[in-house]
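Engineer: Here you go, model01.txt (compact mmCIF, C-alpha atoms):
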# COMPACT_ATOMS: atom_id res chain seq x y z
CA MET J 1 3.94 26.43 -3.91
CA ARG J 2 5.82 23.87 -6.03
CA PRO J 3 3.80 21.70 -8.45
CA LEU J 4 3.11 18.06 -7.57
CA ILE J 5 2.74 15.12 -9.95
CA THR J 6 1.42 11.74 -8.80
CA LEU J 7 1.77 8.51 -10.81
CA GLU J 8 0.05 5.58 -9.08
CA GLU J 9 -3.49 6.88 -8.99
CA HIS J 10 -6.43 4.73 -9.93
CA PHE J 11 -9.89 4.63 -11.42
CA ALA J 12 -12.39 1.88 -12.17
CA SER J 13 -14.49 1.69 -15.31
CA GLN J 14 -18.03 0.35 -15.33
CA THR J 15 -16.96 -1.54 -18.46
CA VAL J 16 -14.61 -3.63 -16.33
CA ILE J 17 -16.81 -3.78 -13.23
CA THR J 18 -19.67 -5.30 -15.23
CA SER J 19 -17.50 -7.42 -17.54
CA SER J 20 -17.87 -10.69 -15.59
CA ASP J 21 -19.31 -12.19 -12.42
CA GLU J 22 -15.77 -12.38 -11.05
CA ALA J 23 -15.23 -8.66 -11.66
CA LYS J 24 -18.58 -7.78 -10.10
CA ALA J 25 -17.70 -9.82 -7.01
CA HIS J 26 -14.24 -8.25 -6.79
CA TYR J 27 -15.47 -4.66 -6.88
CA ALA J 28 -18.36 -5.46 -4.55
CA HIS J 29 -15.79 -5.79 -1.75
CA PHE J 30 -14.63 -2.19 -2.13
CA PRO J 31 -16.01 0.23 0.49
CA PRO J 32 -18.70 2.42 -1.14
CA HIS J 33 -16.78 5.68 -0.58
CA ILE J 34 -13.69 4.21 -2.28
CA LEU J 35 -15.66 2.78 -5.19
CA GLY J 36 -17.35 6.14 -5.64
CA LYS J 37 -14.00 7.89 -5.93
CA LEU J 38 -12.63 5.18 -8.23
CA THR J 39 -15.47 5.58 -10.71
CA ASP J 40 -15.35 9.38 -10.78
CA LEU J 41 -13.06 11.10 -13.29
CA ASP J 42 -14.51 14.58 -12.99
CA ALA J 43 -15.62 16.91 -10.19
CA THR J 44 -14.91 14.70 -7.16
CA ARG J 45 -11.48 13.69 -8.42
CA VAL J 46 -10.45 17.24 -9.29
CA ALA J 47 -11.69 18.50 -5.92
CA ASP J 48 -9.58 15.81 -4.21
CA LEU J 49 -6.56 16.90 -6.27
CA ASP J 50 -7.05 20.42 -4.96
CA LYS J 51 -7.24 19.18 -1.37
CA GLY J 52 -3.80 17.58 -1.72
CA HIS J 53 -2.33 20.35 -3.91
CA VAL J 54 -1.76 17.85 -6.74
CA SER J 55 -1.11 19.64 -10.03
CA LEU J 56 -1.22 16.61 -12.35
CA GLN J 57 -2.47 13.10 -11.63
CA VAL J 58 -1.49 10.23 -13.92
CA VAL J 59 -4.53 7.96 -13.86
CA SER J 60 -4.56 4.20 -14.40
CA HIS J 61 -7.16 1.47 -14.15
CA GLY J 62 -7.39 -0.81 -11.15
CA PRO J 63 -7.10 -4.63 -11.18
CA GLY J 64 -8.53 -6.49 -14.16
CA ASN J 65 -7.16 -9.25 -16.39
CA VAL J 66 -9.34 -8.43 -19.40
CA GLY J 67 -9.17 -8.69 -23.16
CA ALA J 68 -8.21 -6.22 -25.87
CA ALA J 69 -11.69 -4.91 -26.63
CA ILE J 70 -12.43 -4.04 -23.01
CA CYS J 71 -9.00 -2.42 -22.58
CA ALA J 72 -9.66 -0.26 -25.65
CA ASP J 73 -13.01 0.89 -24.24
CA VAL J 74 -11.44 1.68 -20.86
CA ASN J 75 -8.62 3.63 -22.47
CA ASN J 76 -11.06 5.59 -24.64
CA ASP J 77 -13.05 6.51 -21.52
CA LEU J 78 -9.90 7.65 -19.75
CA ALA J 79 -8.78 9.65 -22.78
CA ALA J 80 -12.11 11.47 -22.80
CA ALA J 81 -11.66 12.34 -19.11
CA VAL J 82 -8.13 13.64 -19.75
CA LYS J 83 -9.50 15.76 -22.58
CA ARG J 84 -12.04 17.29 -20.16
CA ASN J 85 -9.28 18.13 -17.64
CA PRO J 86 -6.07 18.28 -19.70
CA THR J 87 -4.03 20.25 -17.17
CA ARG J 88 -5.00 18.05 -14.22
CA LEU J 89 -5.09 14.49 -15.61
CA ALA J 90 -2.87 12.28 -17.76
CA GLY J 91 -3.26 8.62 -18.69
CA PHE J 92 -1.48 5.30 -18.30
CA ALA J 93 -2.93 2.69 -20.66
CA MET J 94 -4.61 -0.52 -19.54
CA LEU J 95 -3.17 -3.39 -21.61
CA PRO J 96 -4.45 -6.91 -22.37
CA MET J 97 -1.26 -8.63 -21.21
CA ARG J 98 -2.74 -12.07 -21.83
CA GLU J 99 -2.54 -11.12 -25.51
CA PRO J 100 0.98 -9.64 -25.78
CA GLU J 101 0.86 -8.64 -29.45
CA ALA J 102 -2.49 -6.95 -28.90
CA ALA J 103 -1.10 -5.31 -25.76
CA ALA J 104 1.82 -3.88 -27.73
CA ALA J 105 -0.56 -2.56 -30.38
CA GLU J 106 -2.85 -1.01 -27.76
CA LEU J 107 0.10 0.66 -26.08
CA GLU J 108 1.09 2.23 -29.40
CA ARG J 109 -2.48 3.38 -30.08
CA CYS J 110 -2.79 4.92 -26.64
CA VAL J 111 0.51 6.79 -26.89
CA LYS J 112 0.24 7.95 -30.50
CA GLU J 113 -3.52 8.55 -30.79
CA LEU J 114 -4.71 9.22 -27.24
CA GLY J 115 -1.63 11.00 -25.90
CA PHE J 116 -1.05 8.62 -23.00
CA VAL J 117 2.32 8.72 -21.23
CA GLY J 118 2.87 4.96 -20.75
CA ALA J 119 1.02 2.01 -19.28
CA LEU J 120 0.34 0.41 -15.93
CA ILE J 121 0.33 -3.40 -15.98
CA GLU J 122 -0.47 -5.94 -13.32
CA ASN J 123 2.43 -7.79 -11.72
CA HIS J 124 1.37 -11.19 -13.05
CA LEU J 125 -1.44 -13.00 -14.84
CA ASP J 126 -2.85 -15.59 -12.46
CA GLY J 127 0.67 -16.35 -11.27
CA VAL J 128 2.43 -16.04 -14.64
CA PHE J 129 5.15 -13.38 -14.75
CA TYR J 130 6.46 -11.55 -17.81
CA ASP J 131 9.97 -13.01 -17.98
CA ALA J 132 8.68 -15.46 -20.62
CA GLU J 133 9.66 -14.20 -24.09
CA SER J 134 6.05 -14.40 -25.25
CA PHE J 135 5.47 -11.16 -23.28
CA TRP J 136 8.48 -9.33 -24.66
CA PRO J 137 6.68 -7.63 -27.57
CA VAL J 138 5.24 -5.27 -24.94
CA PHE J 139 8.71 -4.40 -23.66
CA ALA J 140 9.93 -3.93 -27.22
CA ARG J 141 7.10 -1.54 -28.04
CA ALA J 142 7.54 0.43 -24.81
CA GLN J 143 11.24 0.90 -25.59
CA GLU J 144 10.44 1.90 -29.17
CA LEU J 145 7.88 4.47 -27.99
CA ASP J 146 10.17 5.61 -25.15
CA VAL J 147 7.42 5.38 -22.53
CA PRO J 148 7.53 3.67 -19.11
CA LEU J 149 5.69 0.57 -17.96
CA TYR J 150 4.50 0.79 -14.37
CA ILE J 151 4.40 -2.70 -12.83
CA HIS J 152 1.73 -2.69 -10.16
CA PRO J 153 0.97 -5.37 -7.53
CA THR J 154 -2.00 -7.64 -8.10
CA PHE J 155 -3.86 -10.25 -6.09
CA ALA J 156 -2.37 -13.70 -5.61
CA SER J 157 -3.55 -16.54 -7.81
CA ASP J 158 -5.31 -19.42 -6.05
CA SER J 159 -2.09 -21.45 -5.96
CA MET J 160 -0.07 -18.49 -4.70
CA GLY J 161 -2.70 -17.76 -2.06
CA GLU J 162 -2.28 -21.20 -0.50
CA HIS J 163 1.24 -20.20 0.56
CA TYR J 164 -0.18 -17.53 2.88
CA LYS J 165 -2.75 -19.69 4.70
CA GLY J 166 -2.03 -20.72 8.26
CA ASN J 167 -3.37 -20.99 11.78
CA TYR J 168 -5.44 -17.83 11.47
CA PRO J 169 -8.57 -16.66 9.61
CA ASP J 170 -8.64 -16.55 5.82
CA SER J 171 -9.00 -12.77 6.07
CA VAL J 172 -5.48 -12.66 7.54
CA ALA J 173 -4.17 -14.89 4.76
CA LEU J 174 -5.71 -12.57 2.17
CA ALA J 175 -4.06 -9.55 3.77
CA LEU J 176 -0.69 -11.31 3.92
CA SER J 177 -0.97 -12.31 0.26
CA ALA J 178 -1.81 -8.75 -0.76
CA PHE J 179 -1.29 -5.35 0.86
CA GLY J 180 0.22 -6.84 4.06
CA TRP J 181 3.20 -8.48 2.34
CA GLY J 182 2.73 -10.48 -0.86
CA TRP J 183 1.92 -7.64 -3.25
CA HIS J 184 5.25 -6.01 -2.53
CA ALA J 185 7.44 -9.10 -2.25
CA GLU J 186 6.07 -10.51 -5.52
CA THR J 187 6.58 -7.25 -7.41
CA GLY J 188 10.18 -7.05 -6.22
CA HIS J 189 10.54 -10.71 -7.17
CA HIS J 190 9.27 -9.87 -10.66
CA ILE J 191 11.96 -7.24 -11.21
CA LEU J 192 14.60 -9.84 -10.32
CA ARG J 193 13.01 -12.33 -12.73
CA LEU J 194 13.11 -9.81 -15.57
CA PHE J 195 16.79 -9.13 -14.86
CA ALA J 196 17.65 -12.84 -14.64
CA ALA J 197 15.84 -13.56 -17.92
CA GLY J 198 17.85 -10.94 -19.78
CA VAL J 199 15.03 -8.48 -20.43
CA PHE J 200 17.30 -5.50 -19.76
CA ASP J 201 20.01 -6.89 -22.05
CA ARG J 202 17.49 -7.22 -24.88
CA PHE J 203 15.89 -3.85 -24.13
CA PRO J 204 18.61 -1.65 -22.60
CA LYS J 205 16.54 1.54 -22.82
CA LEU J 206 13.42 0.01 -21.22
CA LYS J 207 11.88 2.16 -18.47
CA ILE J 208 10.15 0.35 -15.60
CA VAL J 209 8.39 2.07 -12.70
CA ILE J 210 7.52 0.37 -9.43
CA GLY J 211 5.83 1.83 -6.39
CA HIS J 212 5.69 1.51 -2.61
CA MET J 213 9.25 2.75 -2.02
CA GLY J 214 10.71 0.03 -4.26
CA GLU J 215 8.64 -3.04 -3.34
CA MET J 216 11.14 -4.19 -0.67
CA LEU J 217 14.09 -4.25 -3.08
CA PRO J 218 16.09 -1.33 -1.59
CA PHE J 219 16.48 -3.15 1.73
CA GLN J 220 17.56 -6.37 0.00
CA LEU J 221 19.44 -4.82 -2.91
CA ASP J 222 23.05 -5.46 -1.89
CA ARG J 223 22.26 -9.09 -1.10
CA CYS J 224 20.38 -9.53 -4.38
CA ILE J 225 23.26 -7.99 -6.33
CA GLY J 226 25.72 -10.45 -4.81
CA VAL J 227 23.47 -13.41 -5.57
CA SER J 228 22.75 -12.18 -9.11
CA GLU J 229 26.43 -12.41 -10.01
CA ARG J 230 25.94 -16.20 -10.09
CA TRP J 231 23.14 -16.01 -12.67
CA GLY J 232 25.32 -15.88 -15.75
CA ALA J 233 26.98 -13.02 -17.58
CA LYS J 234 24.87 -9.95 -18.26
CA GLU J 235 25.79 -6.87 -20.26
CA ARG J 236 25.13 -4.78 -17.15
CA GLY J 237 24.94 -5.84 -13.54
CA LEU J 238 21.86 -5.58 -11.36
CA ARG J 239 23.05 -2.42 -9.60
CA GLN J 240 23.51 -0.61 -12.91
CA VAL J 241 20.11 -1.79 -14.22
CA TRP J 242 18.49 -0.69 -10.94
CA ARG J 243 19.95 2.77 -11.28
CA GLU J 244 19.38 3.19 -15.03
CA ASN J 245 16.18 1.29 -15.93
CA ILE J 246 14.06 1.44 -12.78
CA TRP J 247 12.14 4.39 -11.35
CA VAL J 248 10.49 4.19 -7.91
CA THR J 249 7.51 6.04 -6.49
CA THR J 250 6.52 6.48 -2.87
CA SER J 251 2.89 5.46 -3.52
CA GLY J 252 0.98 4.34 -0.46
CA MET J 253 4.00 4.67 1.84
CA PHE J 254 4.22 7.62 4.19
CA SER J 255 7.16 7.00 6.52
CA LEU J 256 10.72 8.22 6.46
CA THR J 257 12.56 4.97 7.21
CA PRO J 258 11.89 3.19 3.89
CA LEU J 259 12.43 6.46 2.02
CA LYS J 260 15.87 6.83 3.61
CA CYS J 261 16.72 3.28 2.55
CA LEU J 262 15.51 3.96 -0.99
CA LEU J 263 17.57 7.14 -1.30
CA GLN J 264 20.69 5.21 -0.26
CA THR J 265 20.30 2.86 -3.25
CA MET J 266 18.65 4.94 -5.96
CA PRO J 267 19.69 8.28 -7.50
CA ILE J 268 17.25 11.06 -6.60
CA GLU J 269 16.54 11.53 -10.32
CA HIS J 270 14.71 8.17 -10.30
CA VAL J 271 12.63 8.71 -7.14
CA LEU J 272 9.15 10.15 -7.62
CA TYR J 273 6.32 11.34 -5.39
CA SER J 274 2.99 9.50 -5.58
CA VAL J 275 -0.05 8.92 -3.37
CA ASP J 276 -2.06 5.79 -4.41
CA TYR J 277 -5.38 7.63 -4.68
CA PRO J 278 -8.10 6.90 -3.66
CA PHE J 279 -6.78 4.17 -1.37
CA SER J 280 -4.67 6.88 0.24
CA PRO J 281 -5.93 10.48 0.34
CA ASN J 282 -4.00 13.21 -1.42
CA GLU J 283 -3.89 15.20 1.82
CA LYS J 284 -1.90 12.40 3.46
CA GLY J 285 0.66 12.59 0.70
CA PHE J 286 0.93 16.35 1.04
CA ASP J 287 1.45 16.06 4.80
CA PHE J 288 4.21 13.52 4.16
CA LEU J 289 5.94 15.96 1.82
CA GLY J 290 6.07 18.42 4.69
CA GLU J 291 7.48 15.75 6.97
CA ILE J 292 10.18 14.92 4.40
CA GLU J 293 11.22 18.55 4.06
CA LYS J 294 11.24 19.09 7.82
CA SER J 295 13.41 15.99 8.30
CA GLY J 296 16.04 17.26 5.85
CA LEU J 297 15.98 13.93 4.01
CA ILE J 298 15.18 15.67 0.70
CA THR J 299 15.56 19.44 0.38
CA GLY J 300 16.03 22.28 -2.10
CA ASP J 301 16.42 21.37 -5.77
CA ASP J 302 16.22 17.66 -4.94
CA LEU J 303 12.76 18.19 -3.46
CA ASP J 304 11.66 19.76 -6.75
CA LEU J 305 13.03 16.74 -8.62
CA PHE J 306 11.13 14.39 -6.32
CA ALA J 307 7.88 16.36 -6.33
CA TYR J 308 7.49 16.93 -10.06
CA LYS J 309 10.59 17.47 -12.20
CA ASN J 310 11.56 13.79 -12.41
CA ALA J 311 8.03 12.94 -13.53
CA GLU J 312 8.06 15.76 -16.06
CA LYS J 313 11.23 14.36 -17.61
CA LEU J 314 10.18 10.70 -17.50
CA LEU J 315 6.68 11.29 -18.90
CA ARG J 316 7.33 14.40 -21.01
CA VAL J 317 4.56 16.33 -19.27
CA THR J 318 4.38 19.74 -17.66
CA ALA J 319 2.87 20.45 -14.25
CA THR J 320 1.24 23.79 -13.60
CA LYS J 321 1.68 25.51 -10.25
CA SER J 322 -1.39 25.46 -8.04
Take the structure in the file and give it back as structure tokens.

Structural biologist:
Amino acid sequence: MRPLITLEEHFASQTVITSSDEAKAHYAHFPPHILGKLTDLDATRVADLDKGHVSLQVVSHGPGNVGAAICADVNNDLAAAVKRNPTRLAGFAMLPMREPEAAAAELERCVKELGFVGALIENHLDGVFYDAESFWPVFARAQELDVPLYIHPTFASDSMGEHYKGNYPDSVALALSAFGWGWHAETGHHILRLFAAGVFDRFPKLKIVIGHMGEMLPFQLDRCIGVSERWGAKERGLRQVWRENIWVTTSGMFSLTPLKCLLQTMPIEHVLYSVDYPFSPNEKGFDFLGEIEKSGLITGDDLDLFAYKNAEKLLRVTATKS
């Protein structure tokens, strides 16, 4: 059986959960069985990896706009877990993006001292995106270290949330602002903002990962490319940046239609398998792999690239066969 590497897989630290009343309230809404899996970095997690035939899981922390000291504690906890299961777990750093210089320093510490393979950062800070140059020290450090930044959806700010309210219950508005639409649209929007601001001109070797089959961008890509030509001269166009600087995982998406769209816009070398554990079970991801192979959409050597070899190259890790 071929190895499998997954990249958008989460945990939650008690350090973050108990860090504020807001954090306590946020995590209180998680179903108990999900919270139990989020807080476990040992036996339960490894057993779930085995159920889905996952060789190596790259673990990252869930939502939390927290400061440098808390991020350091979280990363130390994750590093200890990776040390206990070095062939099964790897780490993406949690960064204090509200303190960009500290975030850059923490990224370097995590890569050089803890052996992490990059960082996962939230899509915005209470509605503020990272196209502002004050955030660019993090991009500079990621390029210098040659590690990827995974931009992950986060919950809408209060002002953003108002946009989703309508003639339906607030629970519907919350879903539309998050996993039902807004998470994905806003993450795709963020990639376009970074391009428009010249981030990829300043940092031409920057590696950005996004999930969920490309956060809606593959479907809109040709239209966005045409529009982007009016945004002023860039050293490389949006299509070239998309194909050279962006990697996309399938996290949380288990249907062939968006995958087919993604593969028509992105080279297979930049498409990676993922699950979104524990919000999606590893077994569901494994079943989807079988569906992909049966469909003929990805086969042979390309299926090896998708399943683990692309991740091995991007992250400089090695997956062991199960």

Engineer: In Å, rounded to a single decimal, give me how far atom CA of J:Thr44 is from atom CA of J:Leu7.

Structural biologist: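 Going from atom CA of J:Leu7 over to atom CA of J:Thr44, I get 18.2 Å.
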
Engineer: Could you work out how far atom CA of J:Leu120 lies from atom CA of J:Leu263, giving the answer in Å with one decimal?

Structural biologist: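 Result for atom CA of J:Leu263 versus atom CA of J:Leu120: 23.6 Å, one decimal.
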
Engineer: When you count all atoms listed in the file, which of these residues is closest to J:Phe200: J:Glu235, J:Asp73, J:Asp21, J:Asp301?

Structural biologist: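 Nearest to J:Phe200: J:Glu235.
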
Engineer: For J:His124, please output as an NGL selection string all residues within 10 Å (counting only C-alpha atoms; exclusion window: fewer than 4 positions along the same chain).

Structural biologist: :J and (65 or 97-98 or 128-130 or 151-157 or 186-187 or 190)

Engineer: Compare J:Ile17, J:Leu41, J:Leu49, J:Ala105 by their minimum atom-to-atom distance to J:Asn282, counting all atoms listed in the file, and give me the closest one.

Structural biologist: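 Using all atoms listed in the file, J:Asn282 sits closest to J:Leu49.
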
Engineer: Between J:Pro278, J:Pro204, J:Gly285, J:Pro258, which is the closest to J:Leu297 once you count all atoms listed in the file?

Structural biologist: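 Comparing J:Pro278, J:Pro204, J:Gly285, J:Pro258 against J:Leu297, the winner is J:Pro258.
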
Engineer: Hey, which of J:Leu238, J:Ala90, J:Val66, J:Ile246 ends up closest to J:Thr6? Count all atoms listed in the file.

Structural biologist: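 The answer is J:Ala90, which sits nearest to J:Thr6.
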
Engineer: Between J:Ala43, J:Thr87, J:Ala196, J:Thr249, which one has atoms that come closest to J:Arg230, using all atoms listed in the file?

Structural biologist: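 Looking only at the distances to J:Arg230, the closest residue turns out to be J:Ala196.
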
Engineer: What is the atom CA of J:Glu108 to atom CA of J:Gln14 distance in Å?

Structural biologist: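 So the two atoms, atom CA of J:Glu108 and atom CA of J:Gln14, lie 23.8 Å apart.
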
Engineer: Looking at J:Gly52, J:Gly115, J:Pro137, J:Gly64, which one is nearest to J:Lys83, with distances taken over all atoms listed in the file?

Structural biologist: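 Among the listed residues, the smallest separation from J:Lys83 belongs to J:Gly115.
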
Engineer: List as a ChimeraX atom specification the protein and nucleic acid residues near J:Leu221, meaning an atom at most 10 Å away when only C-alpha atoms are counted, but skip any in the same chain fewer than 6 places from it.

Structural biologist: /J:227,238-239,242,262,265

Engineer: If you count all atoms listed in the file, which residues fall within 9 Å of stretch 139-149 of chain J, apart from same-chain ones fewer than 5 positions away, as a list in words?

Structural biologist: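 Those residues are Phe92, Ala104, Ala105, Leu107, Glu108, Val111, Lys112, Val117, Gly118, Ala119, Leu120, Ile121, Val199, Arg202, Phe203, Pro204, Lys205, Leu206, Lys207, Ile208, Val209, Ile210, Leu314 and Leu315 of chain J.
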
Engineer: Just the selected residues (C-alpha atoms), exported as a short mmCIF file (atom, residue, chain, number, x, y, z; two decimals), in the frame of the given file, please.

Structural biologist:
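Generated output (part.cif):
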data_model
loop_
_atom_site.label_atom_id
_atom_site.label_comp_id
_atom_site.auth_asym_id
_atom_site.auth_seq_id
_atom_site.Cartn_x
_atom_site.Cartn_y
_atom_site.Cartn_z
CA PHE J 92 -1.48 5.30 -18.30
CA ALA J 104 1.82 -3.88 -27.73
CA ALA J 105 -0.56 -2.56 -30.38
CA LEU J 107 0.10 0.66 -26.08
CA GLU J 108 1.09 2.23 -29.40
CA VAL J 111 0.51 6.79 -26.89
CA LYS J 112 0.24 7.95 -30.50
CA VAL J 117 2.32 8.72 -21.23
CA GLY J 118 2.87 4.96 -20.75
CA ALA J 119 1.02 2.01 -19.28
CA LEU J 120 0.34 0.41 -15.93
CA ILE J 121 0.33 -3.40 -15.98
CA VAL J 199 15.03 -8.48 -20.43
CA ARG J 202 17.49 -7.22 -24.88
CA PHE J 203 15.89 -3.85 -24.13
CA PRO J 204 18.61 -1.65 -22.60
CA LYS J 205 16.54 1.54 -22.82
CA LEU J 206 13.42 0.01 -21.22
CA LYS J 207 11.88 2.16 -18.47
CA ILE J 208 10.15 0.35 -15.60
CA VAL J 209 8.39 2.07 -12.70
CA ILE J 210 7.52 0.37 -9.43
CA LEU J 314 10.18 10.70 -17.50
CA LEU J 315 6.68 11.29 -18.90
#
